[in-house]
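Okay, structure first, notes after.
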Amino acid sequence: MFLVAAIAALGIWNYQRLPIDAVPDITNVQVQINARAPGYTPLETESRITFPIESEMGGIPGLKEFRSISKYGLAQVTAVFEDGTDLYFARQLVNERLQGVRESLPPGVDLEMGPAATGLGEILMYVLEADPDARKPDGTPYDATDLRTIQDWSIRPQLRQVPGVSEVDSIGGYAKQFHVLPDPARLLSYGLTLNDIETALQANNGNIGAGYIETNGEQNLVRVPGQLRGIEDLRNVVVASRNGVPVRIGDVADVAQGRPLRTGASVLGTKQTVLSTAYMRVGENSRTVSLAVSQKLEQISKSLPKGVHAITVYNRTDLVNRTIATVQKNLLEGAILVLVVLLLMLGNVRAALLTAMVIPLSMLMLMTSMVQTKVSANLMSLGALDFGLIVDGAVIIVENCIRRLAEKQRHMGRLLTTEERLHEAFAGSREVFTPSLISVLVVILVNLPLLALTGVEGKMFRPMALAVILALLAALVLSLTFVPAAVALVLRGKVEEKENFIVRGARRLYQPVFAFAMRRRLPIAVAALLLVIGCGFLTTRMGTEFIPQLDEGDIVILVARIPGIGLEQAVSMQEGLQAALQKHPELKLVYSRTGTNDAATDPMSPSETDTFFILKPRKEWPDPNKSKAQLLADIDATLATVPGMLYEFSQPIEMRFNELIAGVRAALAVKIYGDDFETLERLSQRAAALIRGVPGAEGVKAEPIGGLPTLTISPRLETLARFGIPQASLQQTISTAVGGTAVGQIFEGDARFDVVVRLPEHLRTSTSALERLPIALPGGSFVPLAELADVRLASGANQISRENGKRRVVVSANTSGRDLGSFVKDVQAKLERDLKLPPGYYLGYGGTFEQLQSATERLSLLVPITLLMIFLLLMMTFGSPVEAALVFSGVPLALTGGVVALLLRGIPLSITAGVGFITLSGVAVLTGVVMVSAIRSRLEAGEDIDTAIREGALLRLRPILMVALVAALGFLPMALNTGTGAEVQRPLATVVIGGIISSTLLTLIVLPGLYRMVRGFRRRREKVEAELTVEPDHAG
Amino acid sequence: MKLKLSFLFFLAPLMLVACGGSSPEAAKEPAEASEEPSEAHLSLTAEQLKAAGIGLETAGPAQIREVLPLYGVVAPNAERVRDVAARFPGVIRSVDRKLGDTVRQGDLLANIESNESLQVYAVRSPISGVISARNANPGEQTGDKPLFVVVDLSTVWVELSLFARDAAKVKAGQSVLVKSPVAEFSAQGRVTYVGPFGNSNQALTARVEVPNPDNRWAPGLYVTGEVTLAQKSAALAVRSSAIQMIEDRPVVFVQSNGQFRTHAVTLGKTDGERTEVLQGLSVGDIYAAANSYVIKAELRKSEAEED
């Protein structure tokens, strides 16, 4: 008893430490390496940056694969490690290699690793907003640059210190920069070049310490300040001297606060803003961290300038709380239902409460073991817990003990002494020890194959199976130790074994049914067999899905525009889109991010926008009963009116998982590896055409490679030589002119802002102006750029994807109307035959069909093995294959009920439903075990077979009904609930309930008949055999 | 036993089916509002046009001024520069004007005592202008050098550097807008002469004569000049913002019967603002002028796959 109390206390303590999240984390172990290369086009990024990084990655231990994308200004290499590799160890390994790469990269490339976060890492997003009448100290209103400055230099440094936060990253707004915009004509008139400006600014912006001097015993430090402090200082920097007159920056250039060439933007409502995301470190408790972040944010908000607010737009805690509330509600309601059933059926308050005690106790033990095994509490891991199953073992024991205690009391005609009670409890427990043990073991056993799942399914279902197994083990230990002892201690006084009206009613109802079943046993057995076959046939007709998608409550609209769209154009179109979305009354707020964020966790092109559609709580909707599907249809109608984009619906976590895991989301991805773009493009088009010809192919798409308009300025080497201009200096001039060159920083307190030399906007934005760009000659005169180089606008590579060190292009396809396996085979055969690959080009296949195959293979191997193990377990128990088979017959019968229940509710088959079936087969065996062992013990007591069967069936009606009812009712809330996350659990619960109903009914009706048939047959045979040899069956 | 076996056979396919479920889920296509083949037409309502900021205009004739911006230097008008020398060698007795003084034609510049006749004679300015050099001080002997240089800056020359690629386009008589890069002033002039010889820069010189009433065009000043190469009335022109490139070819989106269609066009001259259309469009066509990119995006959106 003390031990139990101690375990409970430990459980409560551990409950506080249990990491809680909405869904299991299905991200693989990966390290992202982001290299920022300002101004580099995809092609240059690939050859100068991506390739050196990739070639260093080879041979890292545990590395499963690596892939990369090279885009404008960004190279991202993702190294995926074997499951189970420690992320920090992996990062360490990658980091070691990066040290070596750094030297071989061109200067100015910024190389770093992505945040140590997973797909569940984006726990909190906030935007900054300024009141329209808020004014800066200088009287001007706040703009996107000011907000960005506030984010970067006052909020971010503080938030990053919150424990558990790995990174705080922003997108949108404009990082403040100081721009020096030289006028080429004015430069010419002073005989200066862009390079002179850069040199001057670099040489005139720095403080220096110059040691110290000792004067009269005193130490004086020497410093020579020279740090520029602002626009005025910049203007006054001297570039050159002409006849003793200094030429200042201000004479040849405009100096102003400017905006960088950014790669991402964000829009809140219809206005541009700064959107920041707090990433949680891997392995942290999302609830704790997001709570800490939002508290800190609130605190920071108070210190922000007047009129500027940080508004939390997405908070993971909401979802976690909602989901956990659903799970809790399900579990609580299940527990109450179980308790009610126990009360009604046992008719003994103490016994019922005692049995129900097993629930919280095993839960607390589960908490402890979950913390130990680092399984997080979430929708999946707690979702499959059924208190009915947990108490099943205890129910059998308590029921039998009560029965025996009551009998004994009646027999003795007085109250029992403690010793007698203990004795009876012990005997009672022993009597049903086998069924009770078996019941739990079987359910544990059926969950074992789930542990063998790998990949995404493994990450989804392993914690669940683990939680169920742990909880059941806890329950098993309790019901074999704590429960009998407690029964003896608690059930003092007069133990009334009331056959209450329900049990009596059930029995009265069952008797004629039983009699009928015994008479017509053959037809009934045949009917049952037909039913099983019929349902087996039905399953092939059912719709299927992988895993029911968790409804996260918020919507993400993934918007895709045409490749090559400019960021500002995309943003202005996005503003129009969001204005249209705002008319939806269910909308709380809408915000979006376009392009790539600073940390490049999700490198999107400017053509891609994630639009977050955050919903109001349901009760604030004009029609609180509107279904999600209806809402999506409404939004879809709105989106259809906005031209210029494609869109797709997703959800925040779902989207993030998709981004991180796959890369390819189609059922089949044919990857063509090779070197030359044009060849790859041609091959991919050809492959797509071939695949379209395979029956069942649908949505065949060849990944577009090109489409990014690229202005190519190719120097004419001969002309350059004639003018004596080194090519590098021409390239540098163009890079400064168009992209700008950072030449230093200006400090404002902690904040530091880049000083950038760049051509004025009107000169760098048009091709013809660029062609006229004067290039200084060594002699002091100039020549226009067009004389030195060919300027040509053409479509270039948009994004270069590589995998395992080779360029690749993907042709993706889905299927309809035929199974994936044979489709994939056909496609492979066709491509082998008809797609002529030049040397050095090869094919690879990927896509979800891989996961599907591996999961299917594993399960189709493991499930039969498990079933065999159950069978063996039963055989060991009963010592007879026939009886084991009889008990086993409950399984297919149970499955019929599960199938019918799914059909009735219109729920498609899914892995979750499959898991339900697995659980079900465990429960189905249970009822059979109870009945068969009762019959057997009667037979062994020497009763004749018909009496034994009748007595066994009727006597065990109560435990059978109880076991079935508690298991079914425990899942009932789960099947009916509509809260957040309910849709994930629904199939599982539905299957179990339907299956239990059918299996119980069929066990009661079919099993006795079958038993009679088999026994009858065997009896006859045994009689013959017994004369010759000792009956082996009864030896054990 | 039979039952068990049949169950095994039953459950295995069941699991296969259950796991085989991901294909329809993964097969979820982007929810397309209306599937449009890329060359097809597109209809947008007035509200949609307004929301997307697409402006409509009618194609018609326009004046198109094709310009060529060049860099150049202000130089004195060589025809209006006078070296004033002493007619007879002698001693300079007095000098009346300082460097930079404005003089009129006939104004006294200096008095010189002739060595031969010992007569003092006056040196007068041959033109109105500014003294740009003075090599004369009282008491000095006159030499070979001119005593004064008088420059008439009422007109100046702007010498524009003309590089090979543009040389053929510029001819005498074309009008030029000369702008100062430093201060905001400009002047109109004409190309008077295109030098036939190249300089060391590989550049030819195009000379523009510019009036300089306020003396703002100081010689030596670097300026920019926009040469109007052609000024023609195009029979048909559209706003340059209407032109989009599809597959490296220019197109204009024309609205008829409420639908936009892609018209491939051949372009003529442009002045940045408007562009002449030689082919592919007719007068009176209503086309998308402002924010035409949205239409391109809509028509070509099937290309916008997720990366």
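Ordered as shown in the structure tokens, chains take letters A, B, and onward, while each chain numbers its residues from 1 and ligands are numbered from 1 in the order shown.
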Problem set entry | 6 Å contact set for Gly916 (chain A), only C-alpha atoms, chain neighbours under 2 positions out, as a count of residues only | 8
*Excluding same-chain residues fewer than 2 positions from region 378-381 of chain A, what lies within 6 Å of it counting only C-alpha atoms, as a list of chain:residue names?*
A:Ile20, A:Asp21, A:Ala22, A:Val23, A:Gly383, A:Pro463, A:Met464, A:Ala467
As a check of understanding: the span from CA of Ile524 (chain A) to CA of Gly1009 (chain A) is 8.1 Å
Problem set entry | Distance-based interface of chain A with chain B, 7 Å, counting only C-alpha atoms, as a ChimeraX atom specification | /A:185-186,189,536,539,544-546,560-563,573,576,640-648,665-667,794,814-815,852,856,860,864,885,888-889,892,909-911,914
Okay, now the selection with C-alpha atoms, as a JSON list (two decimals), in the first residue's frame?
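Full text of result-v4.json as output:
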```
[["chain", "number", "residue", "atom", "x", "y", "z"],
["A", 185, "ALA", "CA", 28.09, 61.69, -63.74],
["A", 186, "ARG", "CA", 29.31, 63.48, -60.65],
["A", 189, "SER", "CA", 33.36, 65.09, -63.12],
["A", 536, "GLY", "CA", -13.45, -9.02, -45.63],
["A", 539, "THR", "CA", -12.92, -3.76, -46.64],
["A", 544, "THR", "CA", -8.48, 4.64, -47.48],
["A", 545, "GLU", "CA", -6.26, 7.33, -46.08],
["A", 546, "PHE", "CA", -2.89, 7.35, -44.40],
["A", 560, "ALA", "CA", 2.19, 29.93, -55.51],
["A", 561, "ARG", "CA", 2.69, 32.56, -58.17],
["A", 562, "ILE", "CA", 4.68, 32.26, -61.34],
["A", 563, "PRO", "CA", 8.42, 31.77, -61.00],
["A", 573, "MET", "CA", -0.65, 41.00, -55.01],
["A", 576, "GLY", "CA", -4.89, 42.38, -52.49],
["A", 640, "ALA", "CA", -10.94, 31.93, -56.89],
["A", 641, "THR", "CA", -11.74, 35.57, -57.56],
["A", 642, "VAL", "CA", -8.17, 36.71, -56.96],
["A", 643, "PRO", "CA", -6.16, 36.33, -60.15],
["A", 644, "GLY", "CA", -2.58, 35.34, -60.59],
["A", 645, "MET", "CA", -1.98, 32.46, -58.23],
["A", 646, "LEU", "CA", -2.43, 28.84, -57.37],
["A", 647, "TYR", "CA", -3.25, 27.84, -53.85],
["A", 648, "GLU", "CA", -3.54, 24.87, -51.61],
["A", 665, "ARG", "CA", 5.10, 14.93, -51.51],
["A", 666, "ALA", "CA", 3.72, 12.93, -54.38],
["A", 667, "ALA", "CA", 3.10, 9.21, -54.26],
["A", 794, "ALA", "CA", 17.10, 35.53, -70.64],
["A", 814, "ASN", "CA", 0.01, 10.22, -58.28],
["A", 815, "THR", "CA", -2.36, 7.42, -59.05],
["A", 852, "LEU", "CA", 4.08, 2.79, -47.82],
["A", 856, "THR", "CA", 3.32, -2.58, -45.51],
["A", 860, "SER", "CA", 2.47, -7.88, -43.25],
["A", 864, "PRO", "CA", 0.98, -12.71, -38.70],
["A", 885, "ALA", "CA", -8.23, -21.79, -32.00],
["A", 888, "PHE", "CA", -9.00, -17.13, -31.51],
["A", 889, "SER", "CA", -12.17, -17.31, -33.50],
["A", 892, "PRO", "CA", -12.25, -12.33, -37.09],
["A", 909, "LEU", "CA", -9.62, 2.86, -43.47],
["A", 910, "SER", "CA", -6.40, 4.33, -42.21],
["A", 911, "ILE", "CA", -3.35, 3.35, -40.25],
["A", 914, "GLY", "CA", -5.58, -0.41, -38.49]]
```
Name the residues in contact with Ile127 (chain B) at a cut-off of 12 Å, using only C-alpha atoms, excluding same-chain residues fewer than 5 positions from it; report them as a VMD selection string. chain B and resid 79 to 84 102 to 109 148 to 154
Can I get the selection written as a PDB file, in the first residue's frame, with C-alpha atoms?
```pdb
ATOM      1  CA  GLU B  79      34.310  79.987 -82.486  1.00  0.00           C
ATOM      2  CA  ARG B  80      33.753  82.506 -79.720  1.00  0.00           C
ATOM      3  CA  VAL B  81      37.210  82.545 -78.192  1.00  0.00           C
ATOM      4  CA  ARG B  82      39.620  85.296 -78.931  1.00  0.00           C
ATOM      5  CA  ASP B  83      43.281  85.504 -78.122  1.00  0.00           C
ATOM      6  CA  VAL B  84      44.118  89.160 -77.755  1.00  0.00           C
ATOM      7  CA  THR B 102      33.098  90.696 -68.268  1.00  0.00           C
ATOM      8  CA  VAL B 103      33.909  92.904 -71.190  1.00  0.00           C
ATOM      9  CA  ARG B 104      32.024  94.237 -74.102  1.00  0.00           C
ATOM     10  CA  GLN B 105      33.244  94.496 -77.649  1.00  0.00           C
ATOM     11  CA  GLY B 106      35.521  97.505 -77.928  1.00  0.00           C
ATOM     12  CA  ASP B 107      36.207  97.793 -74.219  1.00  0.00           C
ATOM     13  CA  LEU B 108      39.693  98.878 -73.335  1.00  0.00           C
ATOM     14  CA  LEU B 109      41.811  96.025 -72.044  1.00  0.00           C
ATOM     15  CA  PHE B 148      44.276  88.127 -72.910  1.00  0.00           C
ATOM     16  CA  VAL B 149      41.903  85.378 -73.835  1.00  0.00           C
ATOM     17  CA  VAL B 150      38.370  86.622 -74.147  1.00  0.00           C
ATOM     18  CA  VAL B 151      35.720  84.003 -74.254  1.00  0.00           C
ATOM     19  CA  ASP B 152      32.162  84.570 -75.237  1.00  0.00           C
ATOM     20  CA  LEU B 153      30.163  82.218 -73.016  1.00  0.00           C
ATOM     21  CA  SER B 154      26.739  83.279 -74.265  1.00  0.00           C
TER      22      SER B 154
END
```
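In terms of minimum interatomic distance to Leu229 (chain B), B:Arg65 ranks closest within B:Arg87, B:Arg65, B:Lys145, B:Arg207, counting only C-alpha atoms.
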Taken to one decimal, the CA of Leu862 (chain A)-CA of Ile533 (chain A) distance is 22.5 Å
In Å and to one decimal, CA of Asp754 (chain A) is distant from CA of Val738 (chain A) by 16.3 Å
